[in-house]
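Listing of run_28.csv, CSV, C-alpha atoms
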```
chain,number,residue,atom,x,y,z
A,1,MET,CA,14.4,76.5,-34.5
A,2,ASN,CA,10.7,76.7,-33.6
A,3,PRO,CA,8.0,74.9,-35.7
A,4,LEU,CA,7.0,78.2,-37.4
A,5,GLN,CA,10.6,78.8,-38.5
A,6,ILE,CA,10.9,75.3,-39.8
A,7,LEU,CA,7.7,75.7,-41.8
A,8,ARG,CA,8.9,79.0,-43.3
A,9,VAL,CA,12.2,77.4,-44.3
A,10,ALA,CA,10.4,74.4,-45.8
A,11,ILE,CA,8.1,76.6,-47.8
A,12,ARG,CA,10.9,78.8,-49.1
A,13,ALA,CA,12.7,75.6,-50.3
A,14,LEU,CA,9.6,74.4,-52.1
A,15,VAL,CA,8.9,77.7,-53.7
A,16,ARG,CA,12.4,77.9,-55.2
A,17,ASN,CA,11.4,74.9,-57.4
A,18,LYS,CA,7.7,75.7,-58.1
A,19,MET,CA,7.3,73.4,-61.1
A,20,ARG,CA,9.1,70.5,-59.5
A,21,SER,CA,7.0,70.9,-56.3
A,22,PHE,CA,3.8,71.0,-58.3
A,23,LEU,CA,4.7,67.9,-60.3
A,24,THR,CA,5.6,66.2,-57.1
A,25,THR,CA,2.2,66.9,-55.6
A,26,LEU,CA,0.4,65.9,-58.8
A,27,GLY,CA,0.1,62.2,-57.8
A,28,ILE,CA,-1.5,63.2,-54.5
A,29,ILE,CA,-3.8,65.6,-56.2
A,30,ILE,CA,-5.0,63.0,-58.7
A,31,GLY,CA,-5.3,60.4,-56.0
A,32,VAL,CA,-7.4,62.5,-53.6
A,33,ALA,CA,-9.5,64.0,-56.4
A,34,ALA,CA,-10.3,60.4,-57.7
A,35,VAL,CA,-11.2,59.2,-54.2
A,36,ILE,CA,-13.5,62.2,-53.6
A,37,ALA,CA,-15.2,62.0,-57.0
A,38,MET,CA,-15.6,58.2,-57.1
A,39,VAL,CA,-17.0,58.0,-53.6
A,40,ALA,CA,-19.4,60.9,-54.2
A,41,ILE,CA,-20.7,59.4,-57.4
A,42,GLY,CA,-20.9,55.9,-55.8
A,43,GLU,CA,-22.9,57.3,-52.9
A,44,GLY,CA,-25.1,59.1,-55.3
A,45,ALA,CA,-25.7,56.0,-57.3
A,46,LYS,CA,-26.4,54.1,-54.1
A,47,ALA,CA,-28.9,56.7,-53.1
A,48,GLN,CA,-30.6,56.6,-56.5
A,49,VAL,CA,-30.9,52.8,-56.3
A,50,GLU,CA,-32.4,53.1,-52.7
A,51,ALA,CA,-34.9,55.8,-53.9
A,52,SER,CA,-35.8,53.7,-56.9
A,53,PHE,CA,-36.6,50.6,-54.8
A,54,ALA,CA,-38.2,52.7,-52.1
A,55,SER,CA,-40.7,53.9,-54.7
A,56,MET,CA,-41.8,50.3,-55.1
A,57,GLY,CA,-43.0,50.1,-51.5
A,58,SER,CA,-41.7,49.2,-48.1
A,59,ASN,CA,-40.7,45.5,-47.3
A,60,LEU,CA,-42.6,44.5,-50.4
A,61,LEU,CA,-43.4,40.9,-51.4
A,62,ILE,CA,-45.4,39.9,-54.5
A,63,VAL,CA,-47.3,36.6,-54.6
A,64,LEU,CA,-47.9,35.4,-58.1
A,65,PRO,CA,-50.3,32.6,-59.0
A,66,GLY,CA,-49.2,29.3,-60.6
A,67,SER,CA,-48.3,28.2,-64.1
A,68,THR,CA,-50.2,26.3,-66.7
A,69,THR,CA,-49.2,23.0,-68.3
A,70,ALA,CA,-50.9,22.1,-71.6
A,71,GLY,CA,-49.7,19.8,-74.4
A,72,GLY,CA,-46.3,19.4,-72.8
A,73,GLN,CA,-45.9,23.2,-72.7
A,74,ARG,CA,-45.5,25.0,-69.4
A,75,GLY,CA,-46.5,28.6,-68.9
A,76,GLY,CA,-44.8,31.1,-66.6
A,77,PHE,CA,-46.0,32.1,-63.1
A,78,GLY,CA,-49.3,34.0,-63.3
A,79,SER,CA,-50.7,32.1,-66.3
A,80,MET,CA,-53.0,30.0,-64.1
A,81,PRO,CA,-55.1,31.5,-61.3
A,82,THR,CA,-54.4,29.5,-58.1
A,83,LEU,CA,-54.7,32.1,-55.4
A,84,THR,CA,-58.1,32.5,-53.8
A,85,TRP,CA,-59.8,35.2,-51.8
A,86,ASP,CA,-59.8,32.9,-48.9
A,87,ASP,CA,-56.0,32.6,-49.3
A,88,LEU,CA,-55.8,36.4,-49.1
A,89,ARG,CA,-57.9,36.5,-45.9
A,90,ALA,CA,-55.7,33.8,-44.4
A,91,ILE,CA,-52.5,35.7,-45.2
A,92,ARG,CA,-53.9,38.8,-43.5
A,93,THR,CA,-54.9,36.9,-40.3
A,94,GLU,CA,-52.6,33.9,-40.0
A,95,ALA,CA,-49.1,35.2,-40.9
A,96,PRO,CA,-47.8,37.3,-38.0
A,97,ALA,CA,-44.9,38.8,-40.1
A,98,VAL,CA,-47.4,40.3,-42.6
A,99,ARG,CA,-48.7,43.8,-41.8
A,100,TYR,CA,-50.7,44.4,-45.0
A,101,ALA,CA,-51.9,42.3,-47.9
A,102,ALA,CA,-53.8,43.6,-50.9
A,103,PRO,CA,-54.9,42.2,-54.2
A,104,GLN,CA,-54.0,43.9,-57.5
A,105,LEU,CA,-56.1,43.2,-60.5
A,106,SER,CA,-55.3,45.0,-63.8
A,107,SER,CA,-56.6,45.6,-67.3
A,108,GLY,CA,-55.7,48.0,-70.1
A,109,ALA,CA,-58.3,50.6,-70.8
A,110,GLN,CA,-58.9,53.9,-72.6
A,111,LEU,CA,-59.6,56.8,-70.3
A,112,MET,CA,-61.4,59.9,-71.6
A,113,SER,CA,-61.9,63.3,-70.2
A,114,GLU,CA,-64.1,66.0,-71.9
A,115,ASP,CA,-61.6,66.7,-74.8
A,116,GLN,CA,-58.7,64.2,-74.3
A,117,ASN,CA,-58.1,60.5,-74.1
A,118,TRP,CA,-55.3,58.3,-72.9
A,119,SER,CA,-54.6,54.5,-72.9
A,120,THR,CA,-53.2,53.2,-69.6
A,121,ARG,CA,-53.5,50.4,-67.1
A,122,VAL,CA,-56.4,50.4,-64.7
A,123,TYR,CA,-55.9,48.6,-61.4
A,124,GLY,CA,-58.5,47.3,-59.0
A,125,THR,CA,-57.3,47.2,-55.4
A,126,THR,CA,-57.9,48.1,-51.7
A,127,PRO,CA,-56.6,50.8,-49.4
A,128,GLU,CA,-53.9,48.5,-48.1
A,129,PHE,CA,-52.2,48.6,-51.5
A,130,PHE,CA,-51.3,52.3,-51.0
A,131,MET,CA,-50.0,51.6,-47.5
A,132,ILE,CA,-47.8,48.9,-48.8
A,133,ARG,CA,-46.5,51.1,-51.6
A,134,ASN,CA,-46.1,54.2,-49.3
A,135,TRP,CA,-48.1,56.1,-51.8
A,136,PRO,CA,-50.2,59.1,-50.5
A,137,THR,CA,-52.4,61.4,-52.5
A,138,SER,CA,-51.2,64.9,-53.5
A,139,MET,CA,-54.8,66.1,-54.2
A,140,GLY,CA,-58.2,65.0,-53.0
A,141,SER,CA,-58.6,62.1,-50.6
A,142,ALA,CA,-57.3,58.6,-50.4
A,143,MET,CA,-59.2,55.4,-51.2
A,144,SER,CA,-61.3,54.2,-48.2
A,145,ASP,CA,-62.8,50.9,-47.1
A,146,SER,CA,-66.3,52.4,-47.8
A,147,ASP,CA,-65.3,52.9,-51.5
A,148,VAL,CA,-64.4,49.2,-51.7
A,149,GLU,CA,-67.4,47.9,-49.8
A,150,GLY,CA,-69.9,50.2,-51.7
A,151,GLY,CA,-68.3,49.6,-55.1
A,152,THR,CA,-68.3,53.3,-55.8
A,153,LYS,CA,-67.4,54.6,-59.2
A,154,VAL,CA,-64.4,56.7,-58.1
A,155,VAL,CA,-60.9,56.7,-59.6
A,156,PHE,CA,-57.4,57.7,-58.3
A,157,LEU,CA,-55.1,58.9,-61.0
A,158,GLY,CA,-51.3,58.9,-61.4
A,159,SER,CA,-49.8,62.3,-62.2
A,160,THR,CA,-48.9,61.2,-65.8
A,161,VAL,CA,-52.5,60.4,-66.6
A,162,VAL,CA,-53.6,63.7,-65.1
A,163,ASP,CA,-51.1,65.6,-67.4
A,164,LYS,CA,-52.4,63.7,-70.4
A,165,LEU,CA,-56.1,64.1,-69.7
A,166,PHE,CA,-56.2,67.6,-68.0
A,167,GLY,CA,-52.9,69.2,-68.7
A,168,PRO,CA,-49.9,70.0,-66.5
A,169,ASN,CA,-50.7,71.4,-63.0
A,170,ALA,CA,-54.4,70.8,-63.4
A,171,ASP,CA,-56.7,69.9,-60.4
A,172,PRO,CA,-59.0,67.2,-61.7
A,173,VAL,CA,-60.5,66.3,-58.3
A,174,GLY,CA,-64.3,66.1,-58.6
A,175,GLN,CA,-64.3,65.9,-62.4
A,176,LEU,CA,-65.7,63.0,-64.4
A,177,ILE,CA,-63.7,60.8,-66.7
A,178,ARG,CA,-64.9,57.7,-68.6
A,179,ILE,CA,-63.3,54.3,-68.4
A,180,ARG,CA,-64.6,52.0,-71.1
A,181,ASN,CA,-67.5,54.5,-71.5
A,182,ILE,CA,-68.4,54.2,-67.8
A,183,PRO,CA,-68.3,57.5,-65.9
A,184,PHE,CA,-66.0,57.7,-62.8
A,185,GLU,CA,-65.4,60.6,-60.5
A,186,VAL,CA,-61.8,61.6,-59.9
A,187,LYS,CA,-61.5,61.4,-56.1
A,188,GLY,CA,-57.8,61.8,-55.7
A,189,VAL,CA,-54.5,62.3,-57.5
A,190,LEU,CA,-51.6,60.2,-56.3
A,191,ALA,CA,-48.2,61.8,-55.4
A,192,LYS,CA,-45.6,61.6,-58.1
A,193,LYS,CA,-43.6,58.4,-57.8
A,194,GLY,CA,-41.4,58.3,-60.9
A,195,GLN,CA,-40.0,55.3,-62.6
A,196,SER,CA,-39.3,51.7,-61.5
A,197,PRO,CA,-35.7,50.3,-61.7
A,198,MET,CA,-36.8,48.8,-65.0
A,199,GLY,CA,-38.1,52.1,-66.5
A,200,GLN,CA,-41.8,51.6,-65.9
A,201,ASP,CA,-43.7,54.8,-65.2
A,202,TYR,CA,-45.5,54.3,-61.9
A,203,ASP,CA,-47.5,57.4,-62.5
A,204,ASP,CA,-49.1,56.2,-65.7
A,205,ALA,CA,-51.9,54.3,-64.0
A,206,ALA,CA,-55.4,54.6,-62.7
A,207,TYR,CA,-56.7,52.9,-59.5
A,208,ILE,CA,-60.3,52.1,-58.7
A,209,PRO,CA,-61.9,50.1,-55.8
A,210,LEU,CA,-61.6,46.4,-56.1
A,211,LYS,CA,-65.4,45.7,-56.1
A,212,THR,CA,-65.9,48.3,-58.8
A,213,PHE,CA,-63.2,46.8,-60.9
A,214,GLN,CA,-64.8,43.4,-60.7
A,215,THR,CA,-68.3,44.6,-61.6
A,216,LYS,CA,-67.6,47.4,-64.1
A,217,ILE,CA,-64.2,46.6,-65.7
A,218,GLN,CA,-63.4,42.9,-65.6
A,219,GLY,CA,-65.5,40.0,-64.3
A,220,GLY,CA,-63.9,37.9,-61.6
A,221,LEU,CA,-63.2,34.2,-61.5
A,222,GLN,CA,-65.5,33.6,-58.5
A,223,GLN,CA,-63.2,32.4,-55.7
A,224,PHE,CA,-59.9,32.9,-57.6
A,225,ILE,CA,-57.9,36.1,-57.7
A,226,GLN,CA,-57.3,37.1,-61.3
A,227,GLY,CA,-54.1,39.0,-60.5
A,228,VAL,CA,-51.4,39.1,-57.8
A,229,VAL,CA,-51.2,39.7,-54.1
A,230,LEU,CA,-49.0,42.4,-52.7
A,231,ILE,CA,-47.7,42.0,-49.1
A,232,GLY,CA,-46.0,44.5,-46.8
A,233,ALA,CA,-44.0,42.8,-44.1
A,234,THR,CA,-43.9,44.2,-40.6
A,235,SER,CA,-40.3,45.4,-41.1
A,236,GLU,CA,-37.4,44.9,-43.4
A,237,SER,CA,-35.8,42.3,-41.1
A,238,THR,CA,-39.0,40.2,-41.2
A,239,THR,CA,-39.5,40.0,-44.9
A,240,GLN,CA,-37.8,36.6,-45.1
A,241,VAL,CA,-39.8,35.4,-42.2
A,242,ALA,CA,-43.0,36.6,-44.0
A,243,VAL,CA,-41.9,34.7,-47.1
A,244,GLN,CA,-41.5,31.5,-45.0
A,245,GLN,CA,-44.8,32.0,-43.2
A,246,VAL,CA,-46.8,32.7,-46.4
A,247,THR,CA,-45.2,29.8,-48.3
A,248,ALA,CA,-46.0,27.4,-45.5
A,249,LEU,CA,-49.5,28.8,-45.2
A,250,LEU,CA,-50.3,28.5,-49.0
A,251,ARG,CA,-48.7,25.1,-49.3
A,252,ASP,CA,-50.9,23.8,-46.5
A,253,ARG,CA,-54.1,25.5,-47.9
A,254,HIS,CA,-53.3,24.1,-51.4
A,255,HIS,CA,-52.6,20.6,-50.1
A,256,ILE,CA,-49.1,20.6,-51.7
A,257,GLY,CA,-47.2,17.5,-50.5
A,258,LEU,CA,-43.6,17.2,-49.5
A,259,GLY,CA,-41.3,17.4,-52.6
A,260,GLN,CA,-44.0,18.8,-54.8
A,261,ASP,CA,-43.5,22.1,-56.6
A,262,ASP,CA,-45.4,25.2,-55.3
A,263,ASP,CA,-48.3,26.4,-57.4
A,264,PHE,CA,-47.4,30.0,-56.6
A,265,SER,CA,-44.3,32.2,-56.5
A,266,ILE,CA,-43.2,34.8,-54.0
A,267,ARG,CA,-40.9,37.6,-55.2
A,268,ASN,CA,-39.0,39.3,-52.4
A,269,LEU,CA,-38.1,42.8,-53.8
A,270,THR,CA,-36.2,43.6,-50.6
A,271,GLU,CA,-33.6,41.0,-51.5
A,272,LEU,CA,-33.4,42.5,-55.0
A,273,ALA,CA,-32.8,46.0,-53.6
A,274,SER,CA,-30.2,44.7,-51.2
A,275,ALA,CA,-28.4,42.9,-54.1
A,276,GLN,CA,-28.4,46.1,-56.2
A,277,GLU,CA,-27.2,48.1,-53.2
A,278,GLN,CA,-24.4,45.6,-52.5
A,279,GLY,CA,-23.4,45.7,-56.2
A,280,THR,CA,-23.2,49.5,-56.1
A,281,LYS,CA,-21.2,49.4,-52.8
A,282,THR,CA,-18.7,46.9,-54.3
A,283,LEU,CA,-18.2,49.1,-57.4
A,284,THR,CA,-17.7,52.1,-55.2
A,285,THR,CA,-15.1,50.2,-53.1
A,286,LEU,CA,-13.3,49.1,-56.2
A,287,LEU,CA,-13.1,52.6,-57.7
A,288,ALA,CA,-12.0,54.0,-54.4
A,289,SER,CA,-9.3,51.3,-54.1
A,290,ILE,CA,-8.0,52.2,-57.6
A,291,ALA,CA,-7.9,55.9,-56.6
A,292,ALA,CA,-6.0,54.9,-53.4
A,293,VAL,CA,-3.3,53.4,-55.5
A,294,SER,CA,-2.8,56.8,-57.1
A,295,LEU,CA,-2.2,58.2,-53.6
A,296,LEU,CA,0.4,55.5,-53.1
A,297,VAL,CA,2.1,56.3,-56.4
A,298,GLY,CA,2.0,60.0,-55.4
A,299,GLY,CA,3.7,59.1,-52.1
A,300,ILE,CA,6.5,57.3,-53.9
A,301,GLY,CA,6.9,60.4,-56.1
A,302,ILE,CA,7.3,62.6,-53.0
A,303,MET,CA,10.0,60.2,-51.6
A,304,ASN,CA,11.8,60.2,-55.0
A,305,ILE,CA,11.9,64.0,-55.3
A,306,MET,CA,12.8,64.5,-51.6
A,307,LEU,CA,15.8,62.1,-52.1
A,308,VAL,CA,16.9,64.1,-55.2
A,309,SER,CA,16.4,67.3,-53.1
A,310,VAL,CA,18.6,65.9,-50.3
A,311,THR,CA,21.4,65.1,-52.9
A,312,GLU,CA,21.1,68.6,-54.5
A,313,ARG,CA,21.2,70.4,-51.1
A,314,THR,CA,23.9,68.4,-49.5
A,315,ARG,CA,26.2,71.6,-49.1
A,316,GLU,CA,23.2,73.5,-47.7
A,317,ILE,CA,22.7,70.8,-45.1
A,318,GLY,CA,26.4,70.9,-44.2
A,319,VAL,CA,26.3,74.7,-43.8
A,320,ARG,CA,23.2,74.5,-41.5
A,321,MET,CA,24.9,71.9,-39.4
A,322,ALA,CA,28.1,73.9,-39.3
A,323,VAL,CA,26.3,77.0,-37.9
A,324,GLY,CA,24.6,74.9,-35.2
A,325,ALA,CA,21.6,73.0,-36.7
A,326,LYS,CA,21.1,69.7,-35.0
A,327,PRO,CA,20.2,66.5,-36.8
A,328,ARG,CA,16.6,66.7,-35.5
A,329,ASN,CA,16.3,70.2,-37.0
A,330,ILE,CA,17.4,68.8,-40.4
A,331,LEU,CA,15.0,65.9,-40.0
A,332,ALA,CA,12.1,68.2,-39.1
A,333,GLN,CA,12.9,70.5,-42.1
A,334,PHE,CA,12.7,67.8,-44.7
A,335,LEU,CA,9.8,66.0,-43.0
A,336,VAL,CA,7.8,69.3,-43.0
A,337,GLU,CA,8.6,69.8,-46.7
A,338,ALA,CA,7.2,66.4,-47.5
A,339,LEU,CA,4.2,67.0,-45.3
A,340,THR,CA,3.6,70.4,-46.9
A,341,LEU,CA,3.7,68.9,-50.4
A,342,ALA,CA,1.3,66.1,-49.4
A,343,ILE,CA,-1.3,68.3,-47.6
A,344,ALA,CA,-1.2,70.9,-50.4
A,345,GLY,CA,-1.9,68.1,-52.9
A,346,GLY,CA,-4.7,66.8,-50.7
A,347,VAL,CA,-6.4,70.2,-50.4
A,348,ILE,CA,-6.1,70.9,-54.1
A,349,GLY,CA,-7.3,67.3,-54.8
A,350,ILE,CA,-10.4,67.8,-52.6
A,351,GLY,CA,-11.4,70.9,-54.6
A,352,LEU,CA,-10.9,69.1,-58.0
A,353,GLY,CA,-12.6,66.0,-56.7
A,354,VAL,CA,-15.8,67.9,-55.7
A,355,LEU,CA,-15.7,69.7,-59.0
A,356,ALA,CA,-15.3,66.5,-61.0
A,357,ALA,CA,-18.1,64.8,-59.0
A,358,GLN,CA,-20.5,67.7,-59.8
A,359,ARG,CA,-19.7,67.5,-63.5
A,360,LEU,CA,-20.2,63.7,-63.5
A,361,ALA,CA,-23.4,63.9,-61.5
A,362,ALA,CA,-24.8,66.5,-63.9
A,363,GLN,CA,-23.8,64.4,-66.9
A,364,PHE,CA,-25.3,61.2,-65.7
A,365,HIS,CA,-28.2,62.9,-63.9
A,366,TRP,CA,-27.3,61.2,-60.6
A,367,PRO,CA,-27.4,62.8,-57.1
A,368,MET,CA,-24.0,63.8,-55.7
A,369,LEU,CA,-23.4,63.0,-52.1
A,370,ILE,CA,-20.2,64.3,-50.6
A,371,ARG,CA,-19.2,62.5,-47.4
A,372,PRO,CA,-17.4,64.7,-44.9
A,373,ASP,CA,-15.7,61.7,-43.4
A,374,ILE,CA,-14.1,60.8,-46.8
A,375,ILE,CA,-12.8,64.4,-47.1
A,376,VAL,CA,-11.2,64.2,-43.6
A,377,VAL,CA,-9.8,60.7,-44.3
A,378,SER,CA,-8.3,62.0,-47.6
A,379,VAL,CA,-6.5,64.9,-45.9
A,380,VAL,CA,-5.3,62.6,-43.1
A,381,PHE,CA,-4.2,60.0,-45.5
A,382,SER,CA,-2.4,62.6,-47.6
A,383,ALA,CA,-0.5,63.8,-44.5
A,384,LEU,CA,0.3,60.2,-43.6
A,385,VAL,CA,1.7,59.6,-47.1
A,386,GLY,CA,3.9,62.7,-46.7
A,387,VAL,CA,5.2,61.6,-43.3
A,388,VAL,CA,5.8,57.9,-44.3
A,389,PHE,CA,7.4,58.6,-47.7
A,390,GLY,CA,9.2,61.7,-46.4
A,391,LEU,CA,10.7,60.0,-43.4
A,392,TYR,CA,13.5,58.1,-45.2
A,393,PRO,CA,14.8,61.1,-47.2
A,394,ALA,CA,14.6,63.3,-44.0
A,395,ARG,CA,16.5,60.7,-41.9
A,396,LYS,CA,19.1,60.4,-44.7
A,397,ALA,CA,19.6,64.2,-44.6
A,398,SER,CA,19.8,64.4,-40.8
A,399,ARG,CA,22.5,61.7,-40.8
A,400,LEU,CA,24.9,63.4,-43.2
A,401,ASP,CA,28.4,64.2,-41.9
A,402,PRO,CA,28.8,68.0,-41.8
A,403,ILE,CA,32.4,67.8,-43.1
A,404,ASP,CA,31.5,65.5,-45.9
A,405,ALA,CA,28.5,67.6,-46.7
A,406,LEU,CA,30.6,70.8,-47.0
A,407,ARG,CA,33.1,69.1,-49.3
A,408,PHE,CA,30.3,67.8,-51.6
A,409,GLU,CA,30.3,69.2,-55.1
```
Show me this structure written as structure tokens.
Amino acid sequence: MNPLQILRVAIRALVRNKMRSFLTTLGIIIGVAAVIAMVAIGEGAKAQVEASFASMGSNLLIVLPGSTTAGGQRGGFGSMPTLTWDDLRAIRTEAPAVRYAAPQLSSGAQLMSEDQNWSTRVYGTTPEFFMIRNWPTSMGSAMSDSDVEGGTKVVFLGSTVVDKLFGPNADPVGQLIRIRNIPFEVKGVLAKKGQSPMGQDYDDAAYIPLKTFQTKIQGGLQQFIQGVVLIGATSESTTQVAVQQVTALLRDRHHIGLGQDDDFSIRNLTELASAQEQGTKTLTTLLASIAAVSLLVGGIGIMNIMLVSVTERTREIGVRMAVGAKPRNILAQFLVEALTLAIAGGVIGIGLGVLAAQRLAAQFHWPMLIRPDIIVVSVVFSALVGVVFGLYPARKASRLDPIDALRFE
């Protein structure tokens, strides 16, 4: 018998017991569908985490000033200004792993347009801040060094503030708003950035040049930075090196002796992003492993049904052998039946898995990422399950004695 004839015979045998064949493939269908759906959702969750952290900025470090100690009570980092403007200049020039460094001063303020007002955070910073945060403008122009040096009264608005003050899809560039009753010209609108991993709306903010902030919004502390310093490392791989260099530099500048606590804190958001990504990857692997167990159970189901089929069709096997079928033909027939069941279950499982992933992604508002390699692996694994678990029943059928098989009742 040629392979095509063997396939036809196998399909006819399976079609004779449609319900049993379907129930046999059900384990494979569930296993493959679970693998496809779980990996797709896991990859989507991973992509969402990466996008969320990417919105913070590239290779981002945040340097916080020190803590206060009064009456035996210690405050958290940021409660005591310990970072100076000279420290910022030193970080920019003496730490090779640092590409950009920018101060970030902030204050709550009421913003007013001609007929609307909105309370938000106003930040004073420099152009490097937007480079660290990978934050371009969608309208108007970006903050320039001349804006900072000249202390110009210009403001750069997040999209949420624009919606609240001017309405959706408005172009406020060139218009005036008032911050604490001081007029500012809207020079640019920042591209929409969305929410932080903690739910903070990045777009609900206004940014003005550092010098303008210090003179018009909030007085400075002379040589101390009344805020935090954002640092962009030269690459993701050098963020830890940048932490070490900045730590050593600030300890030396602040004359902190060996064994003494730092009077500043450096937060490495790249490590946080990596931890979140690793957690998502672990969860995806766990879910995929559980789904793979379903495939194993489905394979055992195939072997069980094929063994029953061999017993039921003992006389048929005897007749085939009596008219000239060789053991390898019987082996091939039952092996092809098992393989057909497994592949059919795999194909149906892929369709159901993609559908389930779409439904789950829509429900949880996650992106859905179907990996072609997982689909290929699922089909191959299904076929492998069919071969492995169908081999024993097929070998048992091929080794039957024709005379005994013909006598079987």
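When atom CA of Gly174 of chain A is paired with atom CA of Thr125 of chain A, their separation reads 20.4 Å.
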Report the distance between atom CA of Ile208 of chain A and atom CA of Leu165 of chain A in Å, rounded to one decimal place.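 Value for the atom CA of Ile208 of chain A-atom CA of Leu165 of chain A distance: 16.8 Å.
Proximity to Glu236 of chain A was assessed for A:Ala383, A:Ile370, A:Ile28, A:Leu61 counting all atoms listed in the file; the smallest distance is recorded for A:Leu61.
Pairwise distance (atom CA of Val385 of chain A, atom CA of Gly301 of chain A) equals 10.4 Å.
Among the candidate residues A:Ile290, A:Ala338, A:Val15, A:Val186, the one lying nearest to Ala33 of chain A is A:Ile290, with distances computed using all atoms listed in the file.
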Using all atoms listed in the file, determine which residues lie at most 12 Å from Arg395 of chain A, disregarding the query and same-chain residues fewer than 4 positions distant; provide the list as a short mmCIF file (atom, residue, chain, number, x, y, z; two decimals) with C-alpha atoms, in the frame of the given file.
```cif
data_model
loop_
_atom_site.label_atom_id
_atom_site.label_comp_id
_atom_site.auth_asym_id
_atom_site.auth_seq_id
_atom_site.Cartn_x
_atom_site.Cartn_y
_atom_site.Cartn_z
CA MET A 303 10.00 60.20 -51.60
CA MET A 306 12.80 64.50 -51.60
CA LEU A 307 15.80 62.10 -52.10
CA VAL A 310 18.60 65.90 -50.30
CA PRO A 327 20.20 66.50 -36.80
CA ARG A 328 16.60 66.70 -35.50
CA ASN A 329 16.30 70.20 -37.00
CA ILE A 330 17.40 68.80 -40.40
CA LEU A 331 15.00 65.90 -40.00
CA ALA A 332 12.10 68.20 -39.10
CA GLN A 333 12.90 70.50 -42.10
CA PHE A 334 12.70 67.80 -44.70
CA LEU A 335 9.80 66.00 -43.00
CA VAL A 387 5.20 61.60 -43.30
CA VAL A 388 5.80 57.90 -44.30
CA PHE A 389 7.40 58.60 -47.70
CA GLY A 390 9.20 61.70 -46.40
CA LEU A 391 10.70 60.00 -43.40
CA ARG A 399 22.50 61.70 -40.80
CA LEU A 400 24.90 63.40 -43.20
#
```
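Take the candidates A:Leu296, A:Leu339, A:Leu369, A:Val161 and check each one against Ile30 of chain A using all atoms listed in the file; the shortest distance goes to A:Leu296.
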Requested in this report: Determine, counting only C-alpha atoms, which protein, DNA and RNA residues have an atom within 8 Å of an atom of segment 148-160 of chain A; residues of the same chain fewer than 6 positions away are not included. Present the result as a PyMOL selection string.
Outcome: chain A and resi 126+142+183-192+202-212
One residue among A:Leu111, A:Gln358, A:Gly194, A:Thr82 is nearest to Asp262 of chain A when using all atoms listed in the file, and that residue is A:Thr82
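Of the residues under consideration (A:Val229, A:Ile348, A:Ile375, A:Ala45), A:Val229 shows the shortest atom-to-atom contact distance to Trp85 of chain A when counting all atoms listed in the file.
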